[in-house]
file coords36.txt (compact mmCIF, C-alpha atoms)
# COMPACT_ATOMS: atom_id res chain seq x y z
CA MET A 4 -62.67 20.85 -35.77
CA LYS A 5 -61.11 17.49 -36.30
CA LYS A 6 -57.68 19.09 -36.71
CA LEU A 7 -58.19 21.10 -33.60
CA LEU A 8 -59.03 17.94 -31.66
CA ILE A 9 -55.92 16.22 -32.88
CA ALA A 10 -53.82 19.26 -32.11
CA GLY A 11 -55.40 19.42 -28.68
CA ALA A 12 -54.76 15.73 -28.10
CA LEU A 13 -51.14 16.06 -29.17
CA LEU A 14 -50.64 19.08 -26.98
CA THR A 15 -52.16 17.31 -23.98
CA THR A 16 -50.02 14.23 -24.52
CA SER A 17 -46.90 16.27 -24.76
CA LEU A 18 -47.77 18.09 -21.56
CA ILE A 19 -48.54 14.93 -19.65
CA ALA A 20 -45.67 12.86 -20.98
CA PRO A 21 -42.66 13.13 -18.70
CA SER A 22 -39.65 14.78 -20.23
CA TYR A 23 -37.15 12.07 -20.94
CA ALA A 24 -34.01 12.60 -18.96
CA ALA A 25 -31.18 11.10 -20.95
CA ASN A 26 -29.10 8.43 -19.28
CA TYR A 27 -25.34 8.75 -19.25
CA THR A 28 -22.48 6.47 -18.33
CA ILE A 29 -19.46 8.05 -16.73
CA ASP A 30 -16.55 7.87 -19.15
CA ASN A 31 -14.10 5.88 -17.05
CA LYS A 32 -12.78 3.98 -20.06
CA GLY A 33 -11.41 7.15 -21.57
CA ALA A 34 -10.62 8.41 -18.05
CA HIS A 35 -12.60 11.60 -18.49
CA ALA A 36 -13.70 11.54 -14.92
CA SER A 37 -11.70 11.97 -11.77
CA ILE A 38 -12.18 12.14 -8.06
CA ASN A 39 -9.47 14.20 -6.43
CA PHE A 40 -8.95 15.01 -2.80
CA LYS A 41 -7.09 17.66 -0.89
CA ALA A 42 -5.98 17.30 2.69
CA SER A 43 -4.04 19.65 4.90
CA HIS A 44 -0.49 18.54 5.60
CA LEU A 45 0.14 19.66 9.17
CA GLY A 46 -1.15 23.08 8.22
CA PHE A 47 1.90 23.73 6.04
CA SER A 48 0.40 23.01 2.67
CA ILE A 49 -2.07 20.82 0.85
CA LEU A 50 -1.62 17.19 -0.08
CA THR A 51 -3.51 16.14 -3.18
CA GLY A 52 -4.42 12.69 -4.41
CA ARG A 53 -7.04 10.84 -6.36
CA PHE A 54 -9.01 7.66 -6.74
CA ASN A 55 -8.08 6.09 -10.05
CA LYS A 56 -10.98 3.65 -10.38
CA LEU A 57 -14.56 4.80 -10.40
CA SER A 58 -17.70 3.96 -12.30
CA GLY A 59 -21.22 5.24 -12.40
CA THR A 60 -24.22 6.45 -14.28
CA PHE A 61 -26.39 9.53 -14.19
CA SER A 62 -29.45 10.93 -15.85
CA TYR A 63 -29.64 14.55 -16.80
CA ASP A 64 -32.09 16.73 -18.58
CA GLU A 65 -31.49 20.44 -18.78
CA ALA A 66 -35.23 21.06 -18.92
CA ASN A 67 -35.93 19.10 -15.75
CA ILE A 68 -32.89 19.22 -13.56
CA ALA A 69 -34.75 18.15 -10.42
CA ALA A 70 -35.33 14.73 -12.05
CA SER A 71 -31.60 14.15 -12.46
CA LYS A 72 -29.94 11.29 -10.65
CA ILE A 73 -26.40 10.10 -10.20
CA THR A 74 -24.71 7.06 -8.72
CA VAL A 75 -20.94 6.75 -8.45
CA ASN A 76 -18.94 3.81 -7.16
CA ILE A 77 -15.35 4.38 -6.12
CA ASP A 78 -12.77 1.62 -5.71
CA THR A 79 -11.15 2.68 -2.43
CA SER A 80 -8.03 0.61 -3.09
CA SER A 81 -7.31 2.75 -6.15
CA ILE A 82 -6.21 5.68 -3.99
CA ASP A 83 -3.18 7.37 -5.46
CA SER A 84 -1.26 10.11 -3.73
CA ASN A 85 1.90 9.51 -5.75
CA HIS A 86 3.64 7.70 -2.87
CA ALA A 87 3.41 3.91 -2.52
CA GLU A 88 4.13 3.87 1.20
CA ARG A 89 1.57 6.56 1.96
CA ASP A 90 -1.05 4.90 -0.27
CA LYS A 91 -0.47 1.61 1.52
CA HIS A 92 -1.04 3.42 4.82
CA ILE A 93 -4.21 5.14 3.58
CA ARG A 94 -5.57 1.75 2.41
CA SER A 95 -4.82 0.21 5.81
CA ASP A 96 -7.25 0.07 8.70
CA ASP A 97 -5.90 3.38 10.02
CA PHE A 98 -7.91 5.00 7.25
CA LEU A 99 -9.96 3.47 4.42
CA ASP A 100 -9.56 -0.19 5.44
CA ALA A 101 -9.83 -0.96 1.73
CA GLY A 102 -9.57 -4.71 2.27
CA LYS A 103 -12.86 -4.63 4.16
CA PHE A 104 -14.58 -1.61 2.58
CA SER A 105 -13.53 -1.88 -1.03
CA THR A 106 -16.19 0.44 -2.40
CA ALA A 107 -17.31 3.93 -1.55
CA LYS A 108 -20.60 4.96 -3.07
CA PHE A 109 -22.52 8.14 -3.72
CA THR A 110 -26.21 7.99 -4.62
CA SER A 111 -28.06 11.24 -5.15
CA THR A 112 -31.35 11.78 -3.37
CA LYS A 113 -32.10 15.33 -4.47
CA VAL A 114 -30.82 17.55 -7.26
CA GLU A 115 -31.58 21.27 -7.15
CA ASP A 116 -31.20 23.73 -9.98
CA LYS A 117 -29.31 26.78 -8.73
CA GLY A 118 -29.43 28.57 -12.08
CA ASN A 119 -26.61 29.47 -14.48
CA GLY A 120 -25.66 25.80 -14.87
CA LYS A 121 -25.15 25.39 -11.14
CA LEU A 122 -26.54 22.39 -9.32
CA SER A 123 -26.72 21.32 -5.74
CA ILE A 124 -26.66 17.53 -5.48
CA THR A 125 -27.60 16.01 -2.16
CA GLY A 126 -27.02 12.30 -1.70
CA ASP A 127 -26.02 9.42 0.50
CA PHE A 128 -22.29 8.89 0.63
CA THR A 129 -21.07 5.55 1.94
CA LEU A 130 -17.46 5.40 2.99
CA HIS A 131 -15.76 3.00 5.40
CA GLY A 132 -19.13 1.26 5.81
CA ILE A 133 -20.81 4.42 7.13
CA THR A 134 -23.44 6.34 5.21
CA LYS A 135 -23.81 10.10 5.64
CA SER A 136 -25.53 12.82 3.70
CA LEU A 137 -23.21 14.74 1.41
CA VAL A 138 -23.86 17.85 -0.68
CA ILE A 139 -21.95 18.35 -3.91
CA ASP A 140 -21.91 21.82 -5.44
CA ALA A 141 -21.71 21.17 -9.15
CA VAL A 142 -21.39 23.24 -12.29
CA LYS A 143 -22.14 22.07 -15.77
CA ILE A 144 -19.11 22.62 -17.98
CA GLY A 145 -20.36 21.58 -21.38
CA GLU A 146 -22.80 19.47 -23.33
CA GLY A 147 -23.07 18.36 -26.94
CA LYS A 148 -21.88 16.04 -29.64
CA ASP A 149 -18.32 14.81 -29.48
CA PRO A 150 -16.26 14.34 -32.69
CA TRP A 151 -16.66 10.54 -32.60
CA GLY A 152 -20.44 10.16 -32.83
CA GLY A 153 -21.27 10.29 -29.16
CA TYR A 154 -23.08 12.81 -27.02
CA ARG A 155 -21.49 14.05 -23.85
CA VAL A 156 -22.15 16.24 -20.86
CA GLY A 157 -19.64 17.10 -18.18
CA PHE A 158 -19.67 18.67 -14.74
CA SER A 159 -17.29 19.74 -12.08
CA GLY A 160 -18.14 19.55 -8.43
CA THR A 161 -16.79 20.18 -4.98
CA ALA A 162 -17.69 18.65 -1.64
CA LYS A 163 -16.33 18.52 1.86
CA VAL A 164 -15.95 15.28 3.80
CA THR A 165 -15.42 15.42 7.54
CA MET A 166 -13.18 12.48 8.41
CA GLY A 167 -14.64 12.26 11.92
CA ASP A 168 -18.06 11.37 10.45
CA PHE A 169 -16.78 8.15 8.93
CA GLY A 170 -15.17 6.45 11.90
CA PHE A 171 -11.57 6.43 10.72
CA LYS A 172 -8.92 5.58 13.31
CA LYS A 173 -6.89 8.57 12.20
CA ASN A 174 -8.50 11.94 11.68
CA PHE A 175 -7.01 14.82 9.78
CA GLY A 176 -10.15 16.95 9.79
CA THR A 177 -11.85 17.98 6.59
CA ILE A 178 -10.99 16.59 3.19
CA ASP A 179 -11.92 18.64 0.14
CA LEU A 180 -13.09 16.72 -2.88
CA ASP A 181 -12.75 18.00 -6.43
CA LEU A 182 -14.81 16.04 -8.90
CA TYR A 183 -14.87 16.04 -12.67
CA ILE A 184 -17.49 13.84 -14.21
CA GLU A 185 -18.03 13.42 -17.93
CA GLY A 186 -20.77 11.13 -19.18
CA ILE A 187 -21.50 9.61 -22.55
CA ARG A 188 -25.18 9.33 -23.41
CA ASN A 189 -26.29 5.71 -23.59
CA MET B 27 42.07 -17.66 11.22
CA TRP B 28 40.12 -15.53 8.78
CA LYS B 29 38.92 -18.45 6.68
CA ASN B 30 36.93 -21.51 7.64
CA THR B 31 38.71 -24.77 8.43
CA GLU B 32 37.40 -28.31 8.51
CA LEU B 33 36.74 -27.97 12.22
CA ASN B 34 36.03 -24.32 12.77
CA TYR B 35 34.36 -21.27 11.31
CA GLY B 36 36.77 -18.50 10.35
CA ARG B 37 36.72 -14.98 11.74
CA ILE B 38 34.91 -13.51 8.71
CA ALA B 39 32.14 -16.10 8.90
CA LYS B 40 31.77 -15.50 12.65
CA ILE B 41 31.63 -11.73 12.27
CA LEU B 42 29.03 -12.03 9.50
CA HIS B 43 26.98 -14.51 11.51
CA TRP B 44 26.80 -12.44 14.69
CA PHE B 45 26.42 -9.17 12.83
CA THR B 46 23.44 -10.67 10.97
CA ALA B 47 21.91 -12.05 14.17
CA LEU B 48 22.16 -8.70 15.92
CA THR B 49 20.86 -6.81 12.89
CA VAL B 50 17.92 -9.14 12.24
CA PHE B 51 16.64 -8.88 15.80
CA SER B 52 17.19 -5.10 15.86
CA LEU B 53 15.37 -4.66 12.55
CA PHE B 54 12.53 -6.85 13.79
CA ALA B 55 12.14 -4.76 16.95
CA LEU B 56 12.47 -1.51 15.01
CA GLY B 57 9.93 -2.64 12.39
CA PHE B 58 7.51 -3.92 15.00
CA TRP B 59 7.67 -0.60 16.84
CA MET B 60 7.73 1.80 13.92
CA VAL B 61 4.56 0.63 12.17
CA ASP B 62 2.48 1.90 15.08
CA LEU B 63 4.13 5.29 15.42
CA THR B 64 1.74 8.19 15.12
CA TYR B 65 2.20 10.72 12.39
CA TYR B 66 3.22 13.29 14.96
CA SER B 67 6.01 11.18 16.45
CA GLN B 68 9.49 12.60 15.85
CA TRP B 69 10.50 9.06 14.82
CA TYR B 70 7.81 8.75 12.15
CA LYS B 71 10.25 9.47 9.34
CA THR B 72 13.56 8.51 10.93
CA ALA B 73 12.63 4.99 12.06
CA PRO B 74 11.56 3.70 8.61
CA HIS B 75 14.55 5.47 7.05
CA TRP B 76 16.93 3.60 9.35
CA HIS B 77 15.01 0.34 8.95
CA LYS B 78 15.33 0.54 5.15
CA SER B 79 18.96 1.71 5.22
CA ILE B 80 20.09 -1.03 7.59
CA GLY B 81 18.04 -3.59 5.65
CA ILE B 82 19.80 -2.73 2.39
CA LEU B 83 23.21 -2.90 4.10
CA LEU B 84 22.27 -6.30 5.53
CA PHE B 85 21.28 -7.42 2.05
CA LEU B 86 24.73 -6.45 0.73
CA ALA B 87 26.37 -8.19 3.67
CA THR B 88 24.28 -11.30 3.02
CA LEU B 89 25.30 -11.39 -0.63
CA PHE B 90 28.93 -11.12 0.43
CA ARG B 91 28.31 -13.82 3.06
CA LEU B 92 26.95 -16.21 0.43
CA VAL B 93 29.92 -15.57 -1.84
CA TRP B 94 32.31 -16.04 1.08
CA ARG B 95 30.53 -19.21 2.06
CA TYR B 96 30.78 -20.53 -1.48
CA TYR B 97 34.56 -20.01 -1.64
CA ASN B 98 35.19 -21.39 1.84
CA LEU B 99 35.29 -24.81 3.36
CA ASP B 100 32.08 -25.92 4.99
CA PRO B 101 33.18 -27.03 8.48
CA LYS B 102 32.26 -30.68 9.01
CA ALA B 103 29.42 -31.45 11.37
CA VAL B 104 30.50 -32.10 14.95
CA ALA B 105 31.21 -35.82 15.34
CA ASN B 106 28.52 -36.64 17.88
CA HIS B 107 25.68 -35.11 15.82
CA SER B 108 23.11 -37.68 14.83
CA LYS B 109 21.92 -38.03 11.28
CA TRP B 110 18.61 -36.27 11.90
CA GLU B 111 20.41 -33.41 13.64
CA LYS B 112 22.63 -32.94 10.60
CA THR B 113 19.63 -32.93 8.27
CA ALA B 114 17.61 -30.63 10.53
CA SER B 115 20.46 -28.14 10.87
CA LYS B 116 21.09 -28.15 7.13
CA ILE B 117 17.40 -27.44 6.43
CA THR B 118 17.32 -24.72 9.09
CA HIS B 119 20.41 -23.00 7.70
CA VAL B 120 19.11 -23.02 4.12
CA THR B 121 15.70 -21.82 5.31
CA ILE B 122 17.29 -18.93 7.19
CA TYR B 123 19.18 -17.81 4.09
CA VAL B 124 16.05 -18.07 1.93
CA LEU B 125 14.00 -16.15 4.51
CA LEU B 126 16.64 -13.45 4.83
CA LEU B 127 16.74 -12.85 1.09
CA THR B 128 12.99 -12.99 0.48
CA LEU B 129 12.38 -10.78 3.50
CA MET B 130 14.74 -8.14 2.18
CA ILE B 131 13.36 -8.36 -1.36
CA SER B 132 9.78 -8.00 -0.10
CA GLY B 133 10.82 -4.95 1.91
CA TYR B 134 12.42 -3.42 -1.15
CA LEU B 135 9.21 -4.02 -3.14
CA ILE B 136 7.07 -2.15 -0.58
CA SER B 137 9.05 1.04 -0.81
CA THR B 138 9.82 1.09 -4.51
CA ALA B 139 6.33 0.44 -5.96
CA ASP B 140 6.05 4.11 -6.90
CA GLU B 141 9.49 4.19 -8.53
CA ARG B 142 11.00 6.01 -5.58
CA ALA B 143 14.55 4.92 -4.87
CA ILE B 144 15.56 3.79 -1.39
CA GLU B 145 18.02 6.14 0.21
CA VAL B 146 20.56 4.30 2.34
CA PHE B 147 21.27 6.86 5.07
CA SER B 148 22.57 9.70 2.93
CA TRP B 149 25.32 7.59 1.37
CA PHE B 150 23.76 6.18 -1.75
CA GLU B 151 20.45 5.27 -3.35
CA VAL B 152 19.12 1.92 -4.51
CA PRO B 153 17.06 2.55 -7.65
CA ALA B 154 13.47 1.36 -7.88
CA LEU B 155 12.09 -1.08 -10.42
CA GLY B 156 8.62 0.41 -10.10
CA GLU B 157 5.40 -1.53 -9.79
CA LEU B 158 6.10 -5.06 -11.03
CA PHE B 159 2.66 -6.42 -10.13
CA ASP B 160 -0.71 -5.09 -8.97
CA SER B 161 -1.08 -3.95 -5.37
CA GLN B 162 2.65 -4.47 -4.97
CA ALA B 163 3.05 -2.35 -1.84
CA ASP B 164 0.18 -4.07 0.00
CA ILE B 165 0.98 -7.65 -0.99
CA SER B 166 4.69 -7.19 -0.28
CA GLY B 167 3.81 -5.64 3.07
CA VAL B 168 1.83 -8.67 4.18
CA ILE B 169 4.56 -11.04 2.93
CA HIS B 170 7.25 -8.97 4.67
CA LEU B 171 5.35 -9.17 7.96
CA TYR B 172 4.86 -12.95 7.93
CA LEU B 173 8.36 -13.67 6.67
CA ALA B 174 9.69 -11.58 9.55
CA TYR B 175 7.71 -13.59 12.10
CA THR B 176 8.87 -16.82 10.47
CA LEU B 177 12.51 -15.76 10.41
CA ILE B 178 12.42 -14.79 14.08
CA ALA B 179 10.76 -18.11 14.99
CA ILE B 180 13.32 -20.14 13.02
CA SER B 181 16.22 -18.09 14.40
CA LEU B 182 15.01 -18.82 17.90
CA LEU B 183 14.82 -22.52 17.05
CA HIS B 184 18.37 -22.26 15.68
CA ALA B 185 19.50 -20.55 18.93
CA VAL B 186 17.73 -23.06 21.17
CA ALA B 187 19.39 -25.89 19.23
CA ALA B 188 22.82 -24.28 19.69
CA ILE B 189 22.22 -23.85 23.42
CA LYS B 190 21.07 -27.46 23.66
CA HIS B 191 24.31 -28.62 22.02
CA HIS B 192 26.35 -26.45 24.36
CA PHE B 193 24.74 -27.26 27.69
CA ILE B 194 23.11 -30.67 27.24
CA ASP B 195 25.27 -32.43 24.64
CA LYS B 196 28.31 -30.42 25.80
CA ASP B 197 29.79 -30.46 22.29
CA ASP B 198 31.60 -27.83 20.23
CA THR B 199 28.66 -26.74 18.03
CA LEU B 200 28.27 -23.31 19.61
CA LYS B 201 31.93 -22.82 20.56
CA ARG B 202 33.17 -22.97 17.02
CA MET B 203 30.94 -20.08 16.02
CA ILE B 204 32.29 -17.89 18.84
call {"tool": "encode", "arguments": {"input": "coords36.txt", "output": "structure tokens"}}
result
Amino acid sequence: MKKLLIAGALLTTSLIAPSYAANYTIDNKGAHASINFKASHLGFSILTGRFNKLSGTFSYDEANIAASKITVNIDTSSIDSNHAERDKHIRSDDFLDAGKFSTAKFTSTKVEDKGNGKLSITGDFTLHGITKSLVIDAVKIGEGKDPWGGYRVGFSGTAKVTMGDFGFKKNFGTIDLDLYIEGIRN
Amino acid sequence: MWKNTELNYGRIAKILHWFTALTVFSLFALGFWMVDLTYYSQWYKTAPHWHKSIGILLFLATLFRLVWRYYNLDPKAVANHSKWEKTASKITHVTIYVLLLTLMISGYLISTADERAIEVFSWFEVPALGELFDSQADISGVIHLYLAYTLIAISLLHAVAAIKHHFIDKDDTLKRMI
């Protein structure tokens, strides 16, 4: 009877206790995270570029995906499209106005489990001083121990940003974002 | 007379002087206009290409001008110039040379931060040194802009002074550069 009580108590505790979502820091030191963009060049082809400096944290638990959270800060001046003159123009007040709006930020508000490792991450995206809702379609790529004593999980994601939503002086329509985020468990 | 004399500037010095004056004001106007071109303008690529090409050629001409100046007589100041006028003109001339060179170097640094060479028309390329310091393109851009304004302001001062000598003092200051 006593054993049963203890077992019952343990069981109850384990049911009530929240599952601990592990906290991760995005691996920007090892540069295992990237934010890439694609923009149409006059309809002829696609221009690609990236933001070289980003940082952030997320929490993730496979057993309770809805409790996951992510925050990413992007240094807008770190834009890199492999052309100094173009990057200077993109940083100017025609586009990012990086002197004034040095950080873009994404903070998740809702994470949905779409099954098969797929996630739908809704959040507030602040760019050029304007905050809009943004949905990132993400896929978990892998999770587990790395060879150096750490524990990692990584995702890829895509999102679409409509330039007109963010009050840029110049507007080239929709920008596609390709995201790769790898986190090391804290 | 191709070379300078004690009293007069030589033909080479005059050609270089007026060529530089014309080029500097043209480049200023071109630069001022081209930075606001829209992406869809047919000049969007051509205008900066010409600006950079002409700028590099002016840089070469300026280097030659300094060498020429070094190996030539410096014409003596016109007799009726006062002491402060001599000092002021000396300072202005040196400042103009310094501004010209720094302006051209800052322009070079904007375009070469990504290791892309500058193509001078389709004649030759000036190789890039790459990114020598952080935010090179942006910082050099701001410096280039303000140096350009300063050079234009000082050139105008220089011109006003020459006109003053010609019409008010009625001396040979302007004449010997023509």
call {"tool": "closest_residue", "arguments": {"input": "coords36.txt", "among": "B:Trp110, B:Phe85, B:Trp59, B:Tyr134", "to": "chain A", "atoms": "all atoms listed in the file"}}
result
B:Tyr134
call {"tool": "residues_near_point", "arguments": {"input": "coords36.txt", "point": "(-30.5, 24.3, -7.2)", "cutoff": "12 Å", "atoms": "all atoms listed in the file", "output": "list in words"}}
result
Asn67, Ile68, Ala69, Ala70, Ser71, Lys113, Val114, Glu115, Asp116, Lys117, Gly118, Asn119, Gly120, Lys121, Leu122, Ser123, Ile124, Thr125, Val138, Ile139, Asp140, Ala141 and Val142 of chain A
call {"tool": "closest_atom_pairs", "arguments": {"input": "coords36.txt", "of": "chain A", "to": "chain B", "cutoff": "8 Å", "atoms": "only C-alpha atoms", "output": "CSV"}}
result
residue,atom,partner,partner_atom,distance
A:Asn85,CA,B:Asp140,CA,6.9
A:His86,CA,B:Asp140,CA,5.9
A:Ala87,CA,B:Asp140,CA,5.1
A:Glu88,CA,B:Ser137,CA,6.0
A:Lys91,CA,B:Asp164,CA,5.9
call {"tool": "atom_distance", "arguments": {"input": "coords36.txt", "atom1": "CA of Gly157 in chain A", "atom2": "CA of Phe40 in chain A"}}
result
18.8 Å
call {"tool": "closest_residue", "arguments": {"input": "coords36.txt", "among": "A:Ser95, A:Ser84, A:Thr110, A:Thr134", "to": "Leu50 in chain A", "atoms": "only C-alpha atoms"}}
result
A:Ser84
call {"tool": "atom_distance", "arguments": {"input": "coords36.txt", "atom1": "CA of Trp69 in chain B", "atom2": "CA of Leu125 in chain B"}}
result
27.5 Å
call {"tool": "closest_residue", "arguments": {"input": "coords36.txt", "among": "B:Gly133, B:Pro101, B:Pro74, B:Pro153", "to": "Ala39 in chain B", "atoms": "all atoms listed in the file"}}
result
B:Pro101
call {"tool": "closest_residue", "arguments": {"input": "coords36.txt", "among": "B:Ala73, B:Thr46, B:Ile80, B:Ser132", "to": "Trp149 in chain B", "atoms": "only C-alpha atoms"}}
result
B:Ile80
call {"tool": "atom_distance", "arguments": {"input": "coords36.txt", "atom1": "CA of Glu185 in chain A", "atom2": "CA of Ser159 in chain A"}}
result
8.6 Å
call {"tool": "residues_around", "arguments": {"input": "coords36.txt", "residues": "Asp78 in chain A", "least_positions_apart": "5", "cutoff": "10 Å", "atoms": "only C-alpha atoms", "output": "PyMOL selection string"}}
result
chain A and resi 54-58+101+104-108
call {"tool": "residues_near_point", "arguments": {"input": "coords36.txt", "point": "(-22.1, 16.8, -28.1)", "cutoff": "12 Å", "atoms": "all atoms listed in the file", "output": "ChimeraX atom specification"}}
result
/A:145-157,185-188
call {"tool": "residues_around", "arguments": {"input": "coords36.txt", "residues": "range 40-43 of chain B", "least_positions_apart": "3", "cutoff": "7 Å", "atoms": "all atoms listed in the file", "output": "mmCIF file with C-alpha atoms, in the coordinates of the input"}}
result
data_model
loop_
_atom_site.group_PDB
_atom_site.id
_atom_site.type_symbol
_atom_site.label_atom_id
_atom_site.label_comp_id
_atom_site.auth_asym_id
_atom_site.auth_seq_id
_atom_site.Cartn_x
_atom_site.Cartn_y
_atom_site.Cartn_z
ATOM 1 C CA TYR B 35 34.360 -21.270 11.310
ATOM 2 C CA GLY B 36 36.770 -18.500 10.350
ATOM 3 C CA ARG B 37 36.720 -14.980 11.740
ATOM 4 C CA THR B 46 23.440 -10.670 10.970
ATOM 5 C CA ALA B 47 21.910 -12.050 14.170
ATOM 6 C CA ARG B 91 28.310 -13.820 3.060
ATOM 7 C CA MET B 203 30.940 -20.080 16.020
ATOM 8 C CA ILE B 204 32.290 -17.890 18.840
#
call {"tool": "closest_residue", "arguments": {"input": "coords36.txt", "among": "B:His107, B:Lys102, B:His75, B:His119", "to": "Asp195 in chain B", "atoms": "all atoms listed in the file"}}
result
B:His107
call {"tool": "residues_around", "arguments": {"input": "coords36.txt", "residues": "Val104 in chain B", "least_positions_apart": "5", "cutoff": "10 Å", "atoms": "all atoms listed in the file", "output": "PDB file with C-alpha atoms, in the coordinates of the input"}}
result
ATOM      1  CA  LEU B  33      36.740 -27.970  12.220  1.00  0.00           C
ATOM      2  CA  ASN B  34      36.030 -24.320  12.770  1.00  0.00           C
ATOM      3  CA  LYS B 112      22.630 -32.940  10.600  1.00  0.00           C
ATOM      4  CA  ASP B 197      29.790 -30.460  22.290  1.00  0.00           C
ATOM      5  CA  ASP B 198      31.600 -27.830  20.230  1.00  0.00           C
ATOM      6  CA  THR B 199      28.660 -26.740  18.030  1.00  0.00           C
ATOM      7  CA  ARG B 202      33.170 -22.970  17.020  1.00  0.00           C
TER       8      ARG B 202
END
call {"tool": "closest_residue", "arguments": {"input": "coords36.txt", "among": "A:Tyr63, A:Lys173, A:Ile133, A:Ser111", "to": "His92 in chain A", "atoms": "all atoms listed in the file"}}
result
A:Lys173
